[in-house]
Amino acid sequence: MLRIRNLESGYGSLRVLKGISLHVNSGEIVTIIGANGAGKTTLLETIAGVVAASSGEILFDGRDLVTLSPERIVAAGCSLVPEGRQVFAPMTVRENLVLGAYIRSGREGKAAVAEDIDAIHRHFPILKERDGQLAGTLSGGEQQMLAIGRALMARPRLIMLDEPSMGLAPIIVRGIFEIIGRLRAEGNTILLVEQNAMASLGIADRGYVMETGQIVLEGTARELMENHDVQRAYLGKEYRSIGEGRG
Amino acid sequence: MQYLLSGITTGSIYAIVAIGFNIIYNTTGIINFAQGEFLMLGGMISISLCSVMPLPLAIALAVAVTAAVGYCIELLFVRWIHNPTVLRMVVMTIGISILIREIALHVWDEKVRSLPYFTGNEVTSVSILGARISPQILWVLGTCALIVVLLNLFYGRTLLGKAMRACSANRMAASLCGINAGRMVTVSFMLSAAIGALAGCVISPMTQTQYDCGTSLAIKGFTAAIFGGLGSSSGAVIAGLLIGVIEAVSISVLPLAYKDAVTLTLLLLILVVRPSGLFGSREAGALKEF
């Protein structure tokens, strides 16, 4: 579904991505893990068109996204839930969801949008309770649900999630990952960027490890979880416990 | 009573200017300091046109032309700023306002002009609650009320209005929703230019129009916009009327020369005591960037 080849991008003269190649198949959860500053967010923002690519190609169902504006990329069926949630704080929860369906509203009309909002409410009952409340007054976890719901309103074929667990309490993080699992069960394709490698490898099919703008490792989620370098660097296991596990 | 009514009249003018500020603020999060110039342009163009065509047509054309000017400003200047910080936009719009003023000086020279009264003439008056006022005041108040009602419907009910508010709240998130943020900014500049021009026409018979009349109106309108809570049109109207009345009352107590000082003192006081404005919700105010 998504195939990226030798992608390079950055901010001004700062080159952040140094030739990234990866792919996401339809129906998969693919996760990208890596430390702070590895370029994970830049990668997602480049796919979404927020950051301009300097070279390489991003094929989405065979169509090159590199030259398209963020709006056109959303219309093509590829939505990003940005880092830090970025809900429309001074607007109500419902307005946020309605705006998520902006690209479809012209074609499909109000009834279809209202129907989708009901579907989002079934996923996230809390958003129904908060319907008329200003989005900025929601808790972090609620805002994350709203951000995911808003992205789903565009009916994307690929959802990219940037650090959905950032700044959330462990119990809420668990809830968010449950939701991601449910989204996949409904046939969504998900590209998940996370610092919480343990949780994201736990639900992903495959994963990539990113370091300073490059992919240094790839494999199935299980392979990565069993890889000693990954365990040491991202899963927080000590040398000794790895050794014991081996013994 | 007479003071109150004259205060309400000038106040409603400030209110319309404040609404113009709010429109652009609502999509871009910036203050367009060239807003006063839109009023001047609307007034001047309609004055020039009304010698060759009937008044309503002249006003309609003036509004359309000024909206086109708003479009050009967006196209020529605003669009090219890739990183629109508040300070950059403020400096740029002040520059644009000076530019428009100088062009107007060359086109229309320094002469003070005015549109004819919409109904009657300068001595016609209607009696309301014992005070005698010009029917033009009713035109001003009516236009102001109509604009507020229509704008509230536009921002609250229509998708385009909501999309414009979304751009103001978070531009990147708006484009990730598929909203073309650039187009929203264009629309907001045209809309606020059109409303400014309409206001400029309606007030021209009473206040007269000169190439530099926009600046003082812009300052008063800005005060009203801040006072009412940036972004809120109904707040702007109440604040505008209040400022008008306060000014009118101050004239009766203090020398005329202190009129502007009173308004500006008020502006400073509000900025210190209640930056979110008198009627802006604190909750929403805390969530805004500027």
# chains A, B, ... in the order shown; residues from 1 in each chain; ligands from 1
call {"tool": "closest_atom_pairs", "arguments": {"of": "chain A", "to": "chain B", "cutoff": "7 Å", "atoms": "only C-alpha atoms", "output": "Markdown table"}}
result
| residue | atom | partner | partner_atom | distance |
| --- | --- | --- | --- | --- |
| A:Pro70 | CA | B:Ser175 | CA | 5.9 |
| A:Glu71 | CA | B:Gly178 | CA | 3.9 |
| A:Arg72 | CA | B:Gly178 | CA | 6.9 |
| A:Val74 | CA | B:Gly178 | CA | 5.5 |
| A:Ala75 | CA | B:Gly178 | CA | 6.5 |
| A:Ser79 | CA | B:Leu176 | CA | 6.9 |
| A:Leu80 | CA | B:Leu176 | CA | 6.6 |
| A:Gln86 | CA | B:Ala173 | CA | 6.0 |
| A:Phe88 | CA | B:Ala169 | CA | 5.4 |
| A:Ala89 | CA | B:Leu287 | CA | 6.4 |
| A:Pro90 | CA | B:Ala284 | CA | 5.6 |
| A:Leu99 | CA | B:Ala163 | CA | 6.7 |
| A:Gly100 | CA | B:Cys177 | CA | 5.2 |
| A:Tyr102 | CA | B:Gly178 | CA | 6.4 |
| A:Ile103 | CA | B:Gly178 | CA | 5.7 |
| A:Gly136 | CA | B:Leu287 | CA | 6.8 |
call {"tool": "select_by_dssp", "arguments": {"residues": "range 15-154 of chain A", "states": "helix (DSSP H, G or I)", "output": "VMD selection string"}}
result
chain A and resid 40 to 48 70 to 76 93 to 100 102 to 123 125 to 129 135 to 137 140 to 152
call {"tool": "residues_around", "arguments": {"residues": "range 4-20 of chain A", "least_positions_apart": "5", "cutoff": "8 Å", "atoms": "only C-alpha atoms", "output": "list in words"}}
result
Gly39, Thr42, Leu43, Thr46, Val51, Ala52, Ala53, Ser54, Ser55, Gly56, Glu57, Ile58, Leu59, Thr212, Gly213, Gln214 and Ile215 of chain A
call {"tool": "select_by_dssp", "arguments": {"residues": "chain A", "states": "strand (DSSP E or B)", "output": "PyMOL selection string"}}
result
chain A and resi 2-11+14-24+29-34+53-60+63-64+78-81+92+134+158-162+189-194+206-211+214-220
call {"tool": "write_last_selection", "arguments": {"atoms": "C-alpha atoms", "output": "PDB file, in the first residue's frame"}}
result
ATOM      1  CA  LEU A   2       2.756   2.418   1.008  1.00  0.00           C
ATOM      2  CA  ARG A   3       6.246   2.077  -0.418  1.00  0.00           C
ATOM      3  CA  ILE A   4       8.997   4.558   0.349  1.00  0.00           C
ATOM      4  CA  ARG A   5      12.302   4.552  -1.491  1.00  0.00           C
ATOM      5  CA  ASN A   6      15.446   6.498  -0.586  1.00  0.00           C
ATOM      6  CA  LEU A   7      13.486   9.281   1.027  1.00  0.00           C
ATOM      7  CA  GLU A   8      15.472  12.305   2.121  1.00  0.00           C
ATOM      8  CA  SER A   9      14.145  15.419   3.790  1.00  0.00           C
ATOM      9  CA  GLY A  10      14.881  17.937   6.491  1.00  0.00           C
ATOM     10  CA  TYR A  11      14.457  21.499   7.639  1.00  0.00           C
ATOM     11  CA  LEU A  14      19.529  20.334   8.142  1.00  0.00           C
ATOM     12  CA  ARG A  15      19.187  16.892   6.615  1.00  0.00           C
ATOM     13  CA  VAL A  16      17.123  14.720   8.944  1.00  0.00           C
ATOM     14  CA  LEU A  17      16.138  11.735   6.805  1.00  0.00           C
ATOM     15  CA  LYS A  18      19.075  10.166   5.012  1.00  0.00           C
ATOM     16  CA  GLY A  19      17.631   7.712   2.546  1.00  0.00           C
ATOM     17  CA  ILE A  20      14.730   5.927   4.178  1.00  0.00           C
ATOM     18  CA  SER A  21      13.165   2.911   2.476  1.00  0.00           C
ATOM     19  CA  LEU A  22      10.222   1.032   3.935  1.00  0.00           C
ATOM     20  CA  HIS A  23       6.861  -0.381   3.022  1.00  0.00           C
ATOM     21  CA  VAL A  24       3.487  -0.993   4.644  1.00  0.00           C
ATOM     22  CA  ILE A  29       0.335  -2.522  11.737  1.00  0.00           C
ATOM     23  CA  VAL A  30       3.879  -1.423  11.096  1.00  0.00           C
ATOM     24  CA  THR A  31       5.786   0.342  13.828  1.00  0.00           C
ATOM     25  CA  ILE A  32       8.831   2.560  13.660  1.00  0.00           C
ATOM     26  CA  ILE A  33      10.793   2.699  16.877  1.00  0.00           C
ATOM     27  CA  GLY A  34      13.836   4.717  17.750  1.00  0.00           C
ATOM     28  CA  ALA A  53      10.966  15.825   0.675  1.00  0.00           C
ATOM     29  CA  SER A  54      14.233  16.707  -1.029  1.00  0.00           C
ATOM     30  CA  SER A  55      14.569  13.414  -2.887  1.00  0.00           C
ATOM     31  CA  GLY A  56      13.202   9.907  -3.070  1.00  0.00           C
ATOM     32  CA  GLU A  57       9.676   8.701  -3.638  1.00  0.00           C
ATOM     33  CA  ILE A  58       6.606   7.923  -1.551  1.00  0.00           C
ATOM     34  CA  LEU A  59       4.291   5.632  -3.477  1.00  0.00           C
ATOM     35  CA  PHE A  60       0.813   5.299  -2.047  1.00  0.00           C
ATOM     36  CA  ARG A  63       0.743   7.207  -6.751  1.00  0.00           C
ATOM     37  CA  ASP A  64       3.656   9.475  -5.814  1.00  0.00           C
ATOM     38  CA  CYS A  78      -3.494   8.903   3.994  1.00  0.00           C
ATOM     39  CA  SER A  79      -4.098  10.639   7.352  1.00  0.00           C
ATOM     40  CA  LEU A  80      -1.675  11.625  10.093  1.00  0.00           C
ATOM     41  CA  VAL A  81      -2.534  11.909  13.781  1.00  0.00           C
ATOM     42  CA  THR A  92     -15.995  21.884  20.501  1.00  0.00           C
ATOM     43  CA  LEU A 134     -14.121  22.754  24.079  1.00  0.00           C
ATOM     44  CA  LEU A 158      -3.693   4.404   5.930  1.00  0.00           C
ATOM     45  CA  ILE A 159      -3.567   5.967   9.412  1.00  0.00           C
ATOM     46  CA  MET A 160      -0.254   7.241  10.695  1.00  0.00           C
ATOM     47  CA  LEU A 161      -0.002   7.727  14.449  1.00  0.00           C
ATOM     48  CA  ASP A 162       2.816   9.806  15.875  1.00  0.00           C
ATOM     49  CA  THR A 189      -3.790  -0.131   7.944  1.00  0.00           C
ATOM     50  CA  ILE A 190      -1.638   1.589  10.540  1.00  0.00           C
ATOM     51  CA  LEU A 191       1.829   3.078  10.588  1.00  0.00           C
ATOM     52  CA  LEU A 192       2.758   3.650  14.219  1.00  0.00           C
ATOM     53  CA  VAL A 193       5.668   5.702  15.481  1.00  0.00           C
ATOM     54  CA  GLU A 194       6.471   5.139  19.132  1.00  0.00           C
ATOM     55  CA  ARG A 206       6.424  -5.716  11.557  1.00  0.00           C
ATOM     56  CA  GLY A 207       8.780  -3.024  12.703  1.00  0.00           C
ATOM     57  CA  TYR A 208      11.637  -0.785  11.665  1.00  0.00           C
ATOM     58  CA  VAL A 209      14.306   0.637  13.944  1.00  0.00           C
ATOM     59  CA  MET A 210      15.412   4.150  13.106  1.00  0.00           C
ATOM     60  CA  GLU A 211      18.656   5.796  14.182  1.00  0.00           C
ATOM     61  CA  GLN A 214      18.333   5.893   8.784  1.00  0.00           C
ATOM     62  CA  ILE A 215      16.673   2.528   9.084  1.00  0.00           C
ATOM     63  CA  VAL A 216      19.173   0.329  10.911  1.00  0.00           C
ATOM     64  CA  LEU A 217      17.067  -2.769  11.421  1.00  0.00           C
ATOM     65  CA  GLU A 218      13.852  -4.266  10.151  1.00  0.00           C
ATOM     66  CA  GLY A 219      11.885  -7.405  10.731  1.00  0.00           C
ATOM     67  CA  THR A 220       8.739  -8.900  12.147  1.00  0.00           C
TER      68      THR A 220
END
call {"tool": "residues_around", "arguments": {"residues": "Gln210 in chain B", "least_positions_apart": "3", "cutoff": "12 Å", "atoms": "only C-alpha atoms", "output": "number ranges by chain"}}
result
B: 36-37, 39-45, 47, 101-102, 104-115, 200, 204-205, 207, 213-217
call {"tool": "write_last_selection", "arguments": {"atoms": "N, CA and C atoms", "output": "mmCIF file, in the first residue's frame"}}
result
data_model
loop_
_atom_site.group_PDB
_atom_site.id
_atom_site.type_symbol
_atom_site.label_atom_id
_atom_site.label_comp_id
_atom_site.auth_asym_id
_atom_site.auth_seq_id
_atom_site.Cartn_x
_atom_site.Cartn_y
_atom_site.Cartn_z
ATOM 1 N N GLY B 36 -8.297 49.491 8.857
ATOM 2 C CA GLY B 36 -8.840 50.841 8.730
ATOM 3 C C GLY B 36 -8.806 51.330 7.288
ATOM 4 N N GLU B 37 -7.760 50.903 6.554
ATOM 5 C CA GLU B 37 -7.618 51.335 5.161
ATOM 6 C C GLU B 37 -8.723 50.748 4.281
ATOM 7 N N LEU B 39 -11.790 50.505 5.166
ATOM 8 C CA LEU B 39 -12.912 51.431 5.323
ATOM 9 C C LEU B 39 -12.722 52.652 4.440
ATOM 10 N N MET B 40 -11.493 53.173 4.482
ATOM 11 C CA MET B 40 -11.200 54.357 3.689
ATOM 12 C C MET B 40 -11.407 54.043 2.212
ATOM 13 N N LEU B 41 -10.882 52.911 1.758
ATOM 14 C CA LEU B 41 -11.027 52.542 0.350
ATOM 15 C C LEU B 41 -12.497 52.410 -0.030
ATOM 16 N N GLY B 42 -13.264 51.729 0.804
ATOM 17 C CA GLY B 42 -14.689 51.550 0.516
ATOM 18 C C GLY B 42 -15.378 52.889 0.363
ATOM 19 N N GLY B 43 -15.107 53.781 1.305
ATOM 20 C CA GLY B 43 -15.708 55.110 1.246
ATOM 21 C C GLY B 43 -15.289 55.858 -0.010
ATOM 22 N N MET B 44 -13.981 55.899 -0.266
ATOM 23 C CA MET B 44 -13.444 56.668 -1.390
ATOM 24 C C MET B 44 -13.955 56.142 -2.728
ATOM 25 N N ILE B 45 -13.915 54.843 -2.888
ATOM 26 C CA ILE B 45 -14.321 54.270 -4.180
ATOM 27 C C ILE B 45 -15.799 54.540 -4.432
ATOM 28 N N ILE B 47 -17.555 56.963 -3.254
ATOM 29 C CA ILE B 47 -17.738 58.398 -3.528
ATOM 30 C C ILE B 47 -17.412 58.694 -4.990
ATOM 31 N N ARG B 101 -2.439 53.893 2.124
ATOM 32 C CA ARG B 101 -2.705 55.295 2.440
ATOM 33 C C ARG B 101 -1.998 56.218 1.443
ATOM 34 N N GLU B 102 -0.738 55.890 1.142
ATOM 35 C CA GLU B 102 0.018 56.745 0.219
ATOM 36 C C GLU B 102 -0.574 56.681 -1.186
ATOM 37 N N ALA B 104 -3.664 56.094 -1.876
ATOM 38 C CA ALA B 104 -4.924 56.845 -1.813
ATOM 39 C C ALA B 104 -4.657 58.340 -1.879
ATOM 40 N N LEU B 105 -3.564 58.773 -1.244
ATOM 41 C CA LEU B 105 -3.213 60.198 -1.259
ATOM 42 C C LEU B 105 -2.977 60.652 -2.699
ATOM 43 N N HIS B 106 -2.317 59.791 -3.497
ATOM 44 C CA HIS B 106 -2.044 60.165 -4.881
ATOM 45 C C HIS B 106 -3.306 60.139 -5.724
ATOM 46 N N VAL B 107 -4.175 59.180 -5.474
ATOM 47 C CA VAL B 107 -5.369 59.040 -6.304
ATOM 48 C C VAL B 107 -6.412 60.093 -5.950
ATOM 49 N N TRP B 108 -6.655 60.271 -4.651
ATOM 50 C CA TRP B 108 -7.775 61.131 -4.234
ATOM 51 C C TRP B 108 -7.328 62.439 -3.565
ATOM 52 N N ASP B 109 -6.061 62.744 -3.551
ATOM 53 C CA ASP B 109 -5.463 63.900 -2.850
ATOM 54 C C ASP B 109 -5.979 64.048 -1.405
ATOM 55 N N GLU B 110 -5.752 65.243 -0.830
ATOM 56 C CA GLU B 110 -6.018 65.369 0.608
ATOM 57 C C GLU B 110 -7.430 65.830 0.922
ATOM 58 N N LYS B 111 -8.228 66.050 -0.133
ATOM 59 C CA LYS B 111 -9.544 66.644 0.104
ATOM 60 C C LYS B 111 -10.448 65.703 0.912
ATOM 61 N N VAL B 112 -11.235 66.314 1.792
ATOM 62 C CA VAL B 112 -12.199 65.543 2.567
ATOM 63 C C VAL B 112 -13.471 65.409 1.745
ATOM 64 N N ARG B 113 -13.924 64.181 1.549
ATOM 65 C CA ARG B 113 -15.143 63.952 0.777
ATOM 66 C C ARG B 113 -16.149 63.204 1.608
ATOM 67 N N SER B 114 -17.370 63.089 1.051
ATOM 68 C CA SER B 114 -18.321 62.219 1.742
ATOM 69 C C SER B 114 -19.406 61.757 0.773
ATOM 70 N N LEU B 115 -19.994 60.648 1.092
ATOM 71 C CA LEU B 115 -21.128 60.144 0.321
ATOM 72 C C LEU B 115 -22.362 60.959 0.709
ATOM 73 N N GLY B 200 -17.218 51.467 5.631
ATOM 74 C CA GLY B 200 -16.690 52.750 5.163
ATOM 75 C C GLY B 200 -17.736 53.542 4.406
ATOM 76 N N SER B 204 -19.564 57.065 5.836
ATOM 77 C CA SER B 204 -19.008 58.205 5.110
ATOM 78 C C SER B 204 -19.869 59.473 5.184
ATOM 79 N N PRO B 205 -21.203 59.404 5.061
ATOM 80 C CA PRO B 205 -21.990 60.634 5.117
ATOM 81 C C PRO B 205 -21.794 61.398 6.423
ATOM 82 N N THR B 207 -19.081 60.804 8.932
ATOM 83 C CA THR B 207 -17.730 61.069 9.430
ATOM 84 C C THR B 207 -16.823 61.680 8.379
ATOM 85 N N CYS B 213 -8.126 58.567 6.950
ATOM 86 C CA CYS B 213 -9.118 58.428 8.010
ATOM 87 C C CYS B 213 -9.120 57.018 8.602
ATOM 88 N N GLY B 214 -8.443 56.085 7.914
ATOM 89 C CA GLY B 214 -8.492 54.705 8.386
ATOM 90 C C GLY B 214 -7.754 54.466 9.688
ATOM 91 N N THR B 215 -6.651 55.199 9.881
ATOM 92 C CA THR B 215 -5.784 54.906 11.018
ATOM 93 C C THR B 215 -6.487 55.060 12.356
ATOM 94 N N SER B 216 -7.152 56.216 12.534
ATOM 95 C CA SER B 216 -7.769 56.435 13.843
ATOM 96 C C SER B 216 -8.914 55.445 14.060
ATOM 97 N N LEU B 217 -9.642 55.151 12.977
ATOM 98 C CA LEU B 217 -10.707 54.156 13.095
ATOM 99 C C LEU B 217 -10.133 52.799 13.476
#
call {"tool": "closest_residue", "arguments": {"among": "B:Gln208, B:Asn121, B:Ser97, B:Asn26", "to": "Gln136 in chain B", "atoms": "only C-alpha atoms"}}
result
B:Asn121
call {"tool": "residues_around", "arguments": {"residues": "Ile8 in chain B", "least_positions_apart": "4", "cutoff": "6 Å", "atoms": "only C-alpha atoms", "output": "ChimeraX atom specification"}}
result
/B:12,241,244-245
call {"tool": "residues_around", "arguments": {"residues": "range 32-35 of chain B", "least_positions_apart": "6", "cutoff": "9 Å", "atoms": "only C-alpha atoms", "output": "list in words"}}
result
Val17, Ala18, Gly20, Phe21, Ile24, Tyr25, Met89, Val90, Val91, Met92, Thr93, Ile94, Gly95, Ile96, Ser97, Ile98, Ile100, Ser192, Ala193, Gly196, Gly214, Thr215, Leu217, Ala218, Ile219, Gly221 and Phe222 of chain B
call {"tool": "write_last_selection", "arguments": {"atoms": "N, CA and C atoms", "output": "PDB file, in the first residue's frame"}}
result
ATOM      1  N   VAL B  17     -15.534  47.940  12.627  1.00  0.00           N
ATOM      2  CA  VAL B  17     -14.090  47.817  12.393  1.00  0.00           C
ATOM      3  C   VAL B  17     -13.531  46.642  13.191  1.00  0.00           C
ATOM      4  N   ALA B  18     -13.984  46.536  14.440  1.00  0.00           N
ATOM      5  CA  ALA B  18     -13.502  45.447  15.295  1.00  0.00           C
ATOM      6  C   ALA B  18     -13.859  44.088  14.699  1.00  0.00           C
ATOM      7  N   GLY B  20     -14.118  43.407  11.585  1.00  0.00           N
ATOM      8  CA  GLY B  20     -13.161  43.168  10.498  1.00  0.00           C
ATOM      9  C   GLY B  20     -11.860  42.589  11.026  1.00  0.00           C
ATOM     10  N   PHE B  21     -11.366  43.148  12.132  1.00  0.00           N
ATOM     11  CA  PHE B  21     -10.164  42.602  12.770  1.00  0.00           C
ATOM     12  C   PHE B  21     -10.378  41.127  13.118  1.00  0.00           C
ATOM     13  N   ILE B  24     -10.124  38.305  10.240  1.00  0.00           N
ATOM     14  CA  ILE B  24      -8.780  37.855   9.858  1.00  0.00           C
ATOM     15  C   ILE B  24      -8.107  37.164  11.036  1.00  0.00           C
ATOM     16  N   TYR B  25      -8.360  37.698  12.242  1.00  0.00           N
ATOM     17  CA  TYR B  25      -7.793  37.046  13.422  1.00  0.00           C
ATOM     18  C   TYR B  25      -8.282  35.609  13.527  1.00  0.00           C
ATOM     19  N   MET B  89       3.741  39.314  10.888  1.00  0.00           N
ATOM     20  CA  MET B  89       2.489  39.694  10.265  1.00  0.00           C
ATOM     21  C   MET B  89       2.088  41.108  10.672  1.00  0.00           C
ATOM     22  N   VAL B  90       2.309  41.446  11.937  1.00  0.00           N
ATOM     23  CA  VAL B  90       1.948  42.785  12.413  1.00  0.00           C
ATOM     24  C   VAL B  90       2.748  43.834  11.654  1.00  0.00           C
ATOM     25  N   VAL B  91       4.063  43.624  11.561  1.00  0.00           N
ATOM     26  CA  VAL B  91       4.910  44.591  10.863  1.00  0.00           C
ATOM     27  C   VAL B  91       4.476  44.703   9.409  1.00  0.00           C
ATOM     28  N   MET B  92       4.185  43.562   8.800  1.00  0.00           N
ATOM     29  CA  MET B  92       3.809  43.585   7.385  1.00  0.00           C
ATOM     30  C   MET B  92       2.493  44.321   7.166  1.00  0.00           C
ATOM     31  N   THR B  93       1.488  44.045   8.011  1.00  0.00           N
ATOM     32  CA  THR B  93       0.200  44.707   7.775  1.00  0.00           C
ATOM     33  C   THR B  93       0.285  46.203   8.036  1.00  0.00           C
ATOM     34  N   ILE B  94       1.151  46.599   8.975  1.00  0.00           N
ATOM     35  CA  ILE B  94       1.333  48.042   9.181  1.00  0.00           C
ATOM     36  C   ILE B  94       1.947  48.650   7.919  1.00  0.00           C
ATOM     37  N   GLY B  95       2.908  47.933   7.329  1.00  0.00           N
ATOM     38  CA  GLY B  95       3.512  48.391   6.089  1.00  0.00           C
ATOM     39  C   GLY B  95       2.476  48.525   4.984  1.00  0.00           C
ATOM     40  N   ILE B  96       1.608  47.523   4.868  1.00  0.00           N
ATOM     41  CA  ILE B  96       0.568  47.562   3.835  1.00  0.00           C
ATOM     42  C   ILE B  96      -0.358  48.745   4.055  1.00  0.00           C
ATOM     43  N   SER B  97      -0.674  49.024   5.316  1.00  0.00           N
ATOM     44  CA  SER B  97      -1.594  50.134   5.586  1.00  0.00           C
ATOM     45  C   SER B  97      -0.971  51.454   5.141  1.00  0.00           C
ATOM     46  N   ILE B  98       0.335  51.606   5.389  1.00  0.00           N
ATOM     47  CA  ILE B  98       1.005  52.843   4.947  1.00  0.00           C
ATOM     48  C   ILE B  98       0.984  52.932   3.425  1.00  0.00           C
ATOM     49  N   ILE B 100      -1.165  51.579   1.277  1.00  0.00           N
ATOM     50  CA  ILE B 100      -2.493  51.905   0.751  1.00  0.00           C
ATOM     51  C   ILE B 100      -2.806  53.383   0.969  1.00  0.00           C
ATOM     52  N   SER B 192     -13.118  40.290   5.164  1.00  0.00           N
ATOM     53  CA  SER B 192     -12.945  41.413   6.072  1.00  0.00           C
ATOM     54  C   SER B 192     -12.776  42.708   5.280  1.00  0.00           C
ATOM     55  N   ALA B 193     -12.173  42.631   4.081  1.00  0.00           N
ATOM     56  CA  ALA B 193     -12.083  43.831   3.246  1.00  0.00           C
ATOM     57  C   ALA B 193     -13.478  44.269   2.820  1.00  0.00           C
ATOM     58  N   GLY B 196     -15.264  45.770   5.789  1.00  0.00           N
ATOM     59  CA  GLY B 196     -14.677  47.085   6.053  1.00  0.00           C
ATOM     60  C   GLY B 196     -15.175  48.115   5.059  1.00  0.00           C
ATOM     61  N   GLY B 214      -8.443  56.085   7.914  1.00  0.00           N
ATOM     62  CA  GLY B 214      -8.492  54.705   8.386  1.00  0.00           C
ATOM     63  C   GLY B 214      -7.754  54.466   9.688  1.00  0.00           C
ATOM     64  N   THR B 215      -6.651  55.199   9.881  1.00  0.00           N
ATOM     65  CA  THR B 215      -5.784  54.906  11.018  1.00  0.00           C
ATOM     66  C   THR B 215      -6.487  55.060  12.356  1.00  0.00           C
ATOM     67  N   LEU B 217      -9.642  55.151  12.977  1.00  0.00           N
ATOM     68  CA  LEU B 217     -10.707  54.156  13.095  1.00  0.00           C
ATOM     69  C   LEU B 217     -10.133  52.799  13.476  1.00  0.00           C
ATOM     70  N   ALA B 218      -8.979  52.475  12.888  1.00  0.00           N
ATOM     71  CA  ALA B 218      -8.365  51.179  13.161  1.00  0.00           C
ATOM     72  C   ALA B 218      -7.978  51.067  14.627  1.00  0.00           C
ATOM     73  N   ILE B 219      -7.449  52.158  15.176  1.00  0.00           N
ATOM     74  CA  ILE B 219      -7.031  52.107  16.584  1.00  0.00           C
ATOM     75  C   ILE B 219      -8.234  51.898  17.494  1.00  0.00           C
ATOM     76  N   GLY B 221     -11.133  50.647  16.617  1.00  0.00           N
ATOM     77  CA  GLY B 221     -11.682  49.320  16.352  1.00  0.00           C
ATOM     78  C   GLY B 221     -10.859  48.243  17.031  1.00  0.00           C
ATOM     79  N   PHE B 222      -9.532  48.444  17.031  1.00  0.00           N
ATOM     80  CA  PHE B 222      -8.640  47.495  17.684  1.00  0.00           C
ATOM     81  C   PHE B 222      -8.945  47.432  19.173  1.00  0.00           C
TER      82      PHE B 222
END
call {"tool": "residues_around", "arguments": {"residues": "Phe177 in chain A", "least_positions_apart": "4", "cutoff": "10 Å", "atoms": "only C-alpha atoms", "output": "number ranges by chain"}}
result
A: 164-165, 172-173, 181-183, 199-200, 202-203
